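J.: Pasting work.txt here (compact mmCIF, C-alpha atoms and all ligand atoms):
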# COMPACT_ATOMS: atom_id res chain seq x y z
CA VAL A 5 -31.43 70.62 -15.45
CA ALA A 6 -29.95 67.61 -17.25
CA ASN A 7 -31.37 66.87 -20.66
CA ASP A 8 -30.88 63.15 -20.48
CA ASN A 9 -34.05 61.42 -21.61
CA LYS A 10 -32.68 57.96 -22.22
CA ARG A 11 -35.59 55.65 -23.02
CA VAL A 12 -35.85 52.28 -21.33
CA GLN A 13 -37.70 49.52 -23.19
CA LEU A 14 -41.10 49.47 -21.53
CA LYS A 15 -42.81 46.29 -20.43
CA ILE A 16 -46.58 46.24 -19.99
CA VAL A 17 -48.26 43.14 -18.55
CA GLY A 18 -51.94 42.25 -18.51
CA ILE A 19 -53.44 40.00 -15.83
CA CYS A 20 -56.59 38.14 -16.81
CA GLY A 21 -59.10 37.55 -14.01
CA SER A 22 -60.97 34.80 -15.83
CA LEU A 23 -59.75 31.22 -16.29
CA ARG A 24 -62.45 30.35 -18.86
CA SER A 25 -60.98 29.07 -22.12
CA ASP A 26 -63.17 31.39 -24.26
CA SER A 27 -62.88 34.29 -21.83
CA TYR A 28 -64.05 37.67 -23.14
CA THR A 29 -61.90 39.32 -20.48
CA ARG A 30 -58.83 37.74 -22.10
CA SER A 31 -60.00 38.94 -25.51
CA VAL A 32 -60.29 42.58 -24.41
CA LEU A 33 -56.94 42.38 -22.60
CA GLU A 34 -55.33 41.08 -25.78
CA ILE A 35 -56.66 44.10 -27.70
CA ALA A 36 -55.26 46.51 -25.10
CA LEU A 37 -51.88 44.74 -25.00
CA ALA A 38 -51.64 44.73 -28.81
CA SER A 39 -52.20 48.49 -28.69
CA ALA A 40 -49.48 48.88 -26.03
CA GLN A 41 -47.18 46.93 -28.33
CA GLU A 42 -48.09 49.14 -31.31
CA ASN A 43 -47.07 52.06 -29.13
CA GLY A 44 -43.63 50.62 -28.52
CA ALA A 45 -43.93 48.47 -25.39
CA ASP A 46 -43.04 44.84 -24.89
CA THR A 47 -46.13 43.08 -23.62
CA GLU A 48 -47.06 39.88 -21.86
CA LEU A 49 -50.42 38.42 -21.01
CA ILE A 50 -50.31 36.79 -17.60
CA ASP A 51 -52.69 33.88 -18.02
CA LEU A 52 -53.39 32.62 -14.51
CA ARG A 53 -54.44 29.19 -15.86
CA LYS A 54 -50.75 28.60 -16.44
CA PHE A 55 -49.76 29.42 -12.86
CA ASP A 56 -49.87 26.97 -10.01
CA LEU A 57 -51.05 29.43 -7.33
CA VAL A 58 -52.51 28.92 -3.86
CA PHE A 59 -54.90 30.99 -1.79
CA PHE A 60 -53.06 33.75 -0.02
CA ASP A 61 -52.20 32.47 3.45
CA GLU A 62 -49.74 34.42 5.60
CA ASP A 63 -49.01 31.27 7.64
CA ARG A 64 -48.01 29.22 4.58
CA LYS A 65 -46.01 31.80 2.72
CA ASP A 66 -42.75 29.86 3.09
CA ASP A 67 -44.33 26.85 1.34
CA TYR A 68 -45.77 28.67 -1.65
CA PRO A 69 -45.25 27.01 -5.05
CA ALA A 70 -42.56 28.57 -7.22
CA ASP A 71 -45.21 30.08 -9.51
CA VAL A 72 -46.13 32.62 -6.83
CA GLU A 73 -42.66 34.12 -7.14
CA LYS A 74 -42.83 33.78 -10.93
CA LEU A 75 -46.03 35.87 -10.96
CA ARG A 76 -44.55 38.46 -8.60
CA SER A 77 -41.38 38.70 -10.63
CA LEU A 78 -43.26 39.24 -13.93
CA VAL A 79 -45.32 42.03 -12.38
CA ARG A 80 -42.32 43.57 -10.58
CA GLU A 81 -40.49 43.76 -13.87
CA ALA A 82 -43.40 45.53 -15.62
CA HIS A 83 -43.56 49.33 -15.97
CA GLY A 84 -47.32 49.26 -16.45
CA ILE A 85 -50.06 46.76 -15.63
CA ILE A 86 -53.50 46.22 -17.15
CA LEU A 87 -55.97 44.28 -15.04
CA GLY A 88 -58.92 42.57 -16.71
CA THR A 89 -61.81 41.26 -14.69
CA PRO A 90 -65.23 39.79 -15.28
CA GLU A 91 -68.05 41.18 -13.16
CA TYR A 92 -68.82 38.39 -10.67
CA HIS A 93 -71.68 38.99 -8.25
CA GLY A 94 -71.14 42.73 -8.45
CA GLY A 95 -67.41 42.57 -7.79
CA ILE A 96 -64.08 41.40 -9.20
CA SER A 97 -63.30 37.73 -9.73
CA GLY A 98 -61.82 35.79 -6.82
CA VAL A 99 -59.06 34.54 -9.09
CA LEU A 100 -57.86 38.09 -9.73
CA LYS A 101 -58.29 39.22 -6.12
CA ASN A 102 -56.28 36.27 -4.87
CA ALA A 103 -53.51 36.92 -7.40
CA ILE A 104 -53.38 40.55 -6.22
CA ASP A 105 -53.39 39.45 -2.56
CA LEU A 106 -50.31 37.32 -3.31
CA MET A 107 -48.60 40.57 -4.36
CA GLY A 108 -48.38 44.09 -2.91
CA PHE A 109 -46.61 47.45 -2.99
CA THR A 110 -43.42 45.93 -4.40
CA GLU A 111 -45.25 44.95 -7.57
CA PHE A 112 -47.71 47.86 -7.92
CA GLU A 113 -46.65 50.99 -6.07
CA GLY A 114 -45.90 53.96 -8.32
CA LYS A 115 -46.86 52.11 -11.50
CA MET A 116 -49.49 52.89 -14.11
CA LEU A 117 -52.53 50.65 -13.80
CA GLY A 118 -55.19 50.24 -16.50
CA LEU A 119 -58.56 48.59 -15.92
CA LEU A 120 -60.85 46.58 -18.20
CA GLY A 121 -64.02 44.73 -17.23
CA VAL A 122 -66.63 42.58 -18.94
CA SER A 123 -70.07 41.47 -17.84
CA GLY A 124 -72.81 39.11 -18.94
CA GLY A 125 -75.56 41.53 -17.97
CA GLN A 126 -76.56 44.86 -19.44
CA LEU A 127 -75.21 46.96 -16.59
CA GLY A 128 -71.57 46.27 -17.39
CA ALA A 129 -68.64 45.71 -15.05
CA LEU A 130 -68.70 49.08 -13.27
CA ASN A 131 -68.91 47.63 -9.78
CA ALA A 132 -65.89 45.43 -10.45
CA LEU A 133 -64.03 48.35 -12.04
CA ASN A 134 -64.78 50.63 -9.10
CA SER A 135 -63.50 47.93 -6.71
CA LEU A 136 -60.34 47.55 -8.78
CA ARG A 137 -59.85 51.33 -8.76
CA THR A 138 -60.03 51.30 -4.95
CA ILE A 139 -57.64 48.34 -4.84
CA GLY A 140 -55.23 50.20 -7.13
CA ARG A 141 -55.34 53.25 -4.88
CA ASN A 142 -54.58 51.08 -1.85
CA LEU A 143 -51.61 49.62 -3.70
CA HIS A 144 -50.46 53.22 -4.42
CA ALA A 145 -50.67 52.64 -8.15
CA TRP A 146 -51.55 55.39 -10.64
CA VAL A 147 -54.91 54.20 -11.87
CA LEU A 148 -55.66 55.49 -15.36
CA PRO A 149 -58.97 57.43 -15.46
CA GLN A 150 -59.88 55.89 -18.83
CA GLN A 151 -61.30 52.39 -18.48
CA VAL A 152 -63.61 50.12 -20.45
CA SER A 153 -66.62 48.20 -19.23
CA LEU A 154 -67.97 45.77 -21.83
CA PRO A 155 -71.60 44.83 -21.07
CA GLU A 156 -73.25 41.73 -22.54
CA ALA A 157 -69.85 40.44 -23.58
CA TRP A 158 -71.42 37.26 -24.95
CA LYS A 159 -72.87 39.24 -27.87
CA ALA A 160 -70.10 41.79 -28.34
CA PHE A 161 -67.85 39.65 -30.60
CA ASP A 162 -68.52 38.32 -34.12
CA GLU A 163 -67.87 34.72 -35.24
CA ASN A 164 -64.22 35.58 -35.97
CA GLY A 165 -63.70 36.78 -32.41
CA LYS A 166 -63.57 40.44 -33.45
CA LEU A 167 -65.39 43.11 -31.49
CA LYS A 168 -68.49 44.28 -33.33
CA SER A 169 -68.29 47.82 -31.97
CA ALA A 170 -65.43 49.84 -33.45
CA ALA A 171 -66.08 52.51 -30.80
CA ILE A 172 -65.48 50.08 -27.92
CA GLU A 173 -62.42 48.63 -29.65
CA LYS A 174 -61.02 52.15 -29.97
CA ARG A 175 -61.55 52.79 -26.25
CA ILE A 176 -59.83 49.51 -25.30
CA LYS A 177 -56.90 50.41 -27.55
CA GLU A 178 -56.78 53.83 -25.92
CA VAL A 179 -56.22 52.18 -22.52
CA GLY A 180 -53.22 50.27 -23.94
CA LYS A 181 -51.87 53.41 -25.55
CA LEU A 182 -52.29 55.64 -22.50
CA ILE A 183 -50.73 53.09 -20.14
CA THR A 184 -47.70 53.04 -22.40
CA GLU A 185 -47.53 56.83 -22.71
CA PHE A 186 -47.82 57.49 -18.96
CA ALA A 187 -45.38 54.68 -18.14
CA THR A 188 -42.98 56.39 -20.55
CA LEU A 189 -43.50 59.69 -18.73
CA HIS A 190 -42.54 58.00 -15.46
CA GLN A 191 -39.23 57.00 -17.00
CA LEU A 192 -38.23 60.43 -18.25
CA GLN A 193 -35.46 62.04 -16.28
CA ASN A 194 -36.57 65.57 -17.18
CA HIS A 195 -40.08 64.79 -16.04
CA LYS A 196 -38.82 63.64 -12.63
CA GLU A 197 -36.70 66.75 -12.28
CA PHE A 198 -39.62 68.95 -13.30
CA LEU A 199 -41.81 67.30 -10.66
CA GLU A 200 -39.16 67.57 -7.94
CA LEU A 201 -38.78 71.29 -8.64
CA TRP A 202 -42.52 71.82 -8.87
CA GLN A 203 -43.10 70.07 -5.56
CA ARG A 204 -40.60 72.37 -3.82
CA LEU A 205 -42.43 75.51 -4.96
CA ALA A 206 -45.60 76.90 -3.42
CA ASN A 207 -48.27 76.16 -5.99
CA ASN A 208 -51.06 78.71 -6.25
CA PRO A 209 -51.86 79.38 -9.88
CA GLY A 210 -54.80 81.69 -9.12
CA GLY A 211 -57.70 82.10 -11.49
CA THR A 212 -60.34 83.08 -8.92
CA LYS A 213 -61.20 86.60 -7.69
C1 LIG A 301 -69.83 33.52 -10.54
C2 LIG A 301 -70.36 34.46 -11.58
C3 LIG A 301 -70.95 35.64 -11.21
C4 LIG A 301 -71.42 36.54 -12.18
N1 LIG A 301 -71.97 37.72 -11.77
C5 LIG A 301 -72.38 38.61 -12.70
C6 LIG A 301 -72.92 39.85 -12.29
O1 LIG A 301 -73.02 40.18 -11.11
N2 LIG A 301 -73.31 40.73 -13.26
C7 LIG A 301 -73.20 40.42 -14.60
O2 LIG A 301 -73.57 41.24 -15.43
N3 LIG A 301 -72.68 39.25 -15.01
C8 LIG A 301 -72.27 38.34 -14.09
N4 LIG A 301 -71.72 37.15 -14.49
C9 LIG A 301 -71.50 36.91 -15.93
C10 LIG A 301 -70.04 37.20 -16.32
O3 LIG A 301 -69.72 38.55 -16.07
C11 LIG A 301 -69.84 36.90 -17.80
O4 LIG A 301 -70.14 35.54 -18.04
C12 LIG A 301 -68.44 37.21 -18.29
O5 LIG A 301 -68.39 37.04 -19.69
C13 LIG A 301 -67.41 36.30 -17.65
O6 LIG A 301 -66.11 36.71 -18.08
P1 LIG A 301 -65.22 35.84 -19.07
O7 LIG A 301 -65.96 35.80 -20.39
O8 LIG A 301 -63.95 36.57 -19.16
O9 LIG A 301 -65.06 34.47 -18.48
C14 LIG A 301 -71.28 36.23 -13.55
C15 LIG A 301 -70.67 35.02 -13.92
C16 LIG A 301 -70.22 34.15 -12.95
C17 LIG A 301 -69.56 32.84 -13.38
What do you get writing this file as structure tokens?
Ligand SMILES: Cc1cc2nc3c(=O)[nH]c(=O)nc-3n(C[C@H](O)[C@H](O)[C@H](O)COP(=O)(O)O)c2cc1C
T.:
Amino acid sequence: VANDNKRVQLKIVGICGSLRSDSYTRSVLEIALASAQENGADTELIDLRKFDLVFFDEDRKDDYPADVEKLRSLVREAHGIILGTPEYHGGISGVLKNAIDLMGFTEFEGKMLGLLGVSGGQLGALNALNSLRTIGRNLHAWVLPQQVSLPEAWKAFDENGKLKSAAIEKRIKEVGKLITEFATLHQLQNHKEFLELWQRLANNPGGTK
């Protein structure tokens, strides 16, 4: 087995599902991306306010504005993706869903996907996060088990825009860190070889009588 673990420079992008100028979703994404950067990745926040997108329409796909391809290309280039969504009517935002609909397997398949959600209400963004998890599965992405739902986002930050809860901040940072670590694993040659070998062998580790 070759021992060639050349590291590629990882790129992690975050896509913000809220267009609001003071979006809490964007704030939590920024924390996760900063953590990914601290762990060695290049990062980019994809701010959909800056993209001239259209509603997904199969019939008009030849007339899409250039920003559709710009979005696809940024996500294609990324090794890991963090999606941030507000909880809207018990689901993900239309802005984020449409952006995802403009993309597909080429951008997501086989990549690490991290999820963050914020809500105005006490119950958090779990419905939106569960929808995103299902969407990630359908895109054949590796959806990270760790995720953060920030309830009552409007009272979660202090006047300097810092999260009041150190525990929640730590969990958001953990998402950025884990996305980077697992994306690194995907790049390792030895890891791929290990998996290829493992998949060829009958796997029955036992442990039951
Ligand atoms: C159209 C719409 C639907 C919403 N639906 C819910 C909801 O179902 N549950 C909830 O807790 N908050 C709901 N909210 C509140 C948002 O989750 C909250 O304002 C959140 O902070 C928005 O994200 P942002 O700060 O990133 O813009 C809704 C807000 C909007 C505009």
J.: Could you give me, as a tab-separated table, a per-residue list for region 66-94 of chain A showing, wherever an atom lies at most 10 Å from an atom of region 24-46 of chain A, the closest pair of atoms and their distance in Å to one decimal, using all atoms listed in the file and sorting by chain then residue number from low to high?
T.:
residue	atom	partner	partner_atom	distance
A:Ala82	CA	A:Asp46	CA	9.3
A:His83	CA	A:Ala45	CA	9.5
A:Gly84	CA	A:Ala45	CA	9.6
A:Ile85	CA	A:Leu37	CA	9.8
A:Ile86	CA	A:Leu33	CA	7.5
A:Leu87	CA	A:Leu33	CA	7.9
A:Gly88	CA	A:Thr29	CA	5.8
A:Thr89	CA	A:Thr29	CA	6.1
A:Pro90	CA	A:Thr29	CA	6.2
A:Glu91	CA	A:Thr29	CA	9.7
J.: In Å, how far is it from CA of Ala171 (chain A) to CA of Gly128 (chain A)?
T.: 15.8 Å
J.: Taking only C-alpha atoms and all ligand atoms into account, name the residue in A:Gly140, A:Gly165, A:Gly21, A:Gly124 that is nearest to ligand LIG 301 (chain A).
T.: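 Nearest candidate to ligand LIG 301 (chain A) out of A:Gly140, A:Gly165, A:Gly21, A:Gly124: A:Gly124.
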J.: Rounded to one decimal place, report the CA of Val152 (chain A)-CA of Lys174 (chain A) distance in Å.
T.: 10.1 Å
J.: For the atom pair CA of Tyr92 (chain A) and CA of Glu178 (chain A), what is the interatomic distance in Å to one decimal place?
T.: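 For CA of Tyr92 (chain A) relative to CA of Glu178 (chain A), the distance reads 24.8 Å.
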J.: Let me make sure I understand: among A:Asp63, A:Thr138, A:Cys20, A:Thr47, which one has the smallest atom-to-atom distance to Val122 (chain A) if we use all atoms listed in the file?
T.: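 Nearest to Val122 (chain A): A:Cys20.
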J.: Measuring between all atoms listed in the file, which one of A:Leu14, A:Val99, A:Ala70, A:Ile172 shows the shortest distance to ligand LIG 301 (chain A)?
T.: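 Ranking A:Leu14, A:Val99, A:Ala70, A:Ile172 by distance to ligand LIG 301 (chain A), first place goes to A:Val99.
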J.: Identify, on the basis of all atoms listed in the file, every residue whose closest approach to Glu111 (chain A) does not exceed 9 Å; exclude the query and any residue fewer than 6 positions from it along the same chain; express the result as an mmCIF file with C-alpha atoms, in the coordinates of the input.
T.:
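And here's selection.cif as it stands now:
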data_model
loop_
_atom_site.group_PDB
_atom_site.id
_atom_site.type_symbol
_atom_site.label_atom_id
_atom_site.label_comp_id
_atom_site.auth_asym_id
_atom_site.auth_seq_id
_atom_site.Cartn_x
_atom_site.Cartn_y
_atom_site.Cartn_z
ATOM 1 C CA ARG A 76 -44.550 38.460 -8.600
ATOM 2 C CA SER A 77 -41.380 38.700 -10.630
ATOM 3 C CA LEU A 78 -43.260 39.240 -13.930
ATOM 4 C CA VAL A 79 -45.320 42.030 -12.380
ATOM 5 C CA ARG A 80 -42.320 43.570 -10.580
ATOM 6 C CA GLU A 81 -40.490 43.760 -13.870
ATOM 7 C CA ALA A 82 -43.400 45.530 -15.620
ATOM 8 C CA LEU A 143 -51.610 49.620 -3.700
#
J.: For a quick check of understanding, using only C-alpha atoms, which of A:Leu106, A:Glu62, A:His93, A:Ile183 has the smallest distance to Gly18 (chain A)?
T.: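 Checking each of A:Leu106, A:Glu62, A:His93, A:Ile183 against Gly18 (chain A), counting only C-alpha atoms, the winner is A:Ile183.
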J.: Counting all atoms listed in the file, what is within 10 Å of Gly125 (chain A), bar same-chain residues fewer than 4 positions away, as a list in words?
T.: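 Non-adjacent residues within range: Glu91, Ala129, Leu154, Pro155, Glu156, Ala157 and Trp158 of chain A.
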J.: Given only C-alpha atoms and all ligand atoms as the basis, pick out the residue of A:Gly180, A:Pro149, A:Gly211, A:Gly95 nearest to ligand LIG 301 (chain A).
T.: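 Closest residue, counting only C-alpha atoms and all ligand atoms: A:Gly95.
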J.: Given the choices A:Lys159, A:Lys54, A:Arg137, A:Arg64, which gets closest to ligand LIG 301 (chain A) if the distance is worked out from only C-alpha atoms and all ligand atoms?
T.: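 Comparing A:Lys159, A:Lys54, A:Arg137, A:Arg64 against ligand LIG 301 (chain A), the winner is A:Lys159.
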J.: Near Phe186 (chain A), within 10 Å and counting all atoms listed in the file, which residues show up once chain neighbours fewer than 2 positions away are dropped, as a ChimeraX atom specification?
T.: /A:83-84,115-117,146,148,181-184,188-191
J.: Could you give me, as number ranges by chain, the residues within 9 Å of Pro69 (chain A), counting only C-alpha atoms and dropping anything in the same chain fewer than 5 positions from it?
T.: A: 56-58
J.: Can you spit out the residues from that selection as a compact mmCIF listing (two decimals), in the coordinates of the input, using C-alpha atoms?
T.:
# COMPACT_ATOMS: atom_id res chain seq x y z
CA ASP A 56 -49.87 26.97 -10.01
CA LEU A 57 -51.05 29.43 -7.33
CA VAL A 58 -52.51 28.92 -3.86
J.: Would you compute the box with edges along x, y and z of the file around region 26-43 of chain A, including every atom the file lists for it and 6 Å extra on each side, and give its centre and edge lengths in Å to one decimal, as JSON?
T.:
{"center_x": -55.6, "center_y": 41.7, "center_z": -25.9, "size_x": 29.0, "size_y": 32.7, "size_z": 22.8}
J.: Save region 51-64 of chain A to disk from that block, N, CA and C atoms included, as a PDB file, in the first residue's frame.
T.:
ATOM      1  N   ASP A  51     -22.832  34.280  -0.295  1.00  0.00           N
ATOM      2  CA  ASP A  51     -23.902  35.171   0.132  1.00  0.00           C
ATOM      3  C   ASP A  51     -24.838  35.348  -1.072  1.00  0.00           C
ATOM      4  N   LEU A  52     -25.984  34.709  -1.010  1.00  0.00           N
ATOM      5  CA  LEU A  52     -26.855  34.655  -2.195  1.00  0.00           C
ATOM      6  C   LEU A  52     -27.433  36.020  -2.576  1.00  0.00           C
ATOM      7  N   ARG A  53     -27.284  37.024  -1.686  1.00  0.00           N
ATOM      8  CA  ARG A  53     -27.705  38.387  -2.065  1.00  0.00           C
ATOM      9  C   ARG A  53     -26.853  38.904  -3.208  1.00  0.00           C
ATOM     10  N   LYS A  54     -25.640  38.355  -3.315  1.00  0.00           N
ATOM     11  CA  LYS A  54     -24.701  38.866  -4.321  1.00  0.00           C
ATOM     12  C   LYS A  54     -24.796  38.096  -5.636  1.00  0.00           C
ATOM     13  N   PHE A  55     -25.754  37.173  -5.715  1.00  0.00           N
ATOM     14  CA  PHE A  55     -25.890  36.356  -6.924  1.00  0.00           C
ATOM     15  C   PHE A  55     -27.213  36.691  -7.615  1.00  0.00           C
ATOM     16  N   ASP A  56     -27.109  36.883  -8.907  1.00  0.00           N
ATOM     17  CA  ASP A  56     -28.300  37.138  -9.698  1.00  0.00           C
ATOM     18  C   ASP A  56     -28.823  35.772 -10.165  1.00  0.00           C
ATOM     19  N   LEU A  57     -29.676  35.153  -9.315  1.00  0.00           N
ATOM     20  CA  LEU A  57     -30.181  33.814  -9.631  1.00  0.00           C
ATOM     21  C   LEU A  57     -31.618  33.905 -10.141  1.00  0.00           C
ATOM     22  N   VAL A  58     -32.088  32.821 -10.695  1.00  0.00           N
ATOM     23  CA  VAL A  58     -33.498  32.729 -11.134  1.00  0.00           C
ATOM     24  C   VAL A  58     -34.097  31.502 -10.460  1.00  0.00           C
ATOM     25  N   PHE A  59     -35.416  31.386 -10.515  1.00  0.00           N
ATOM     26  CA  PHE A  59     -36.029  30.137 -10.075  1.00  0.00           C
ATOM     27  C   PHE A  59     -35.593  29.023 -11.017  1.00  0.00           C
ATOM     28  N   PHE A  60     -35.335  27.864 -10.418  1.00  0.00           N
ATOM     29  CA  PHE A  60     -34.994  26.717 -11.251  1.00  0.00           C
ATOM     30  C   PHE A  60     -36.122  26.479 -12.260  1.00  0.00           C
ATOM     31  N   ASP A  61     -35.754  26.385 -13.528  1.00  0.00           N
ATOM     32  CA  ASP A  61     -36.744  26.104 -14.571  1.00  0.00           C
ATOM     33  C   ASP A  61     -36.028  25.348 -15.688  1.00  0.00           C
ATOM     34  N   GLU A  62     -36.304  24.059 -15.739  1.00  0.00           N
ATOM     35  CA  GLU A  62     -35.672  23.166 -16.727  1.00  0.00           C
ATOM     36  C   GLU A  62     -35.772  23.752 -18.147  1.00  0.00           C
ATOM     37  N   ASP A  63     -36.904  24.394 -18.445  1.00  0.00           N
ATOM     38  CA  ASP A  63     -37.132  24.883 -19.810  1.00  0.00           C
ATOM     39  C   ASP A  63     -36.292  26.109 -20.145  1.00  0.00           C
ATOM     40  N   ARG A  64     -35.794  26.802 -19.079  1.00  0.00           N
ATOM     41  CA  ARG A  64     -35.059  28.055 -19.335  1.00  0.00           C
ATOM     42  C   ARG A  64     -33.577  27.916 -19.028  1.00  0.00           C
TER      43      ARG A  64
END
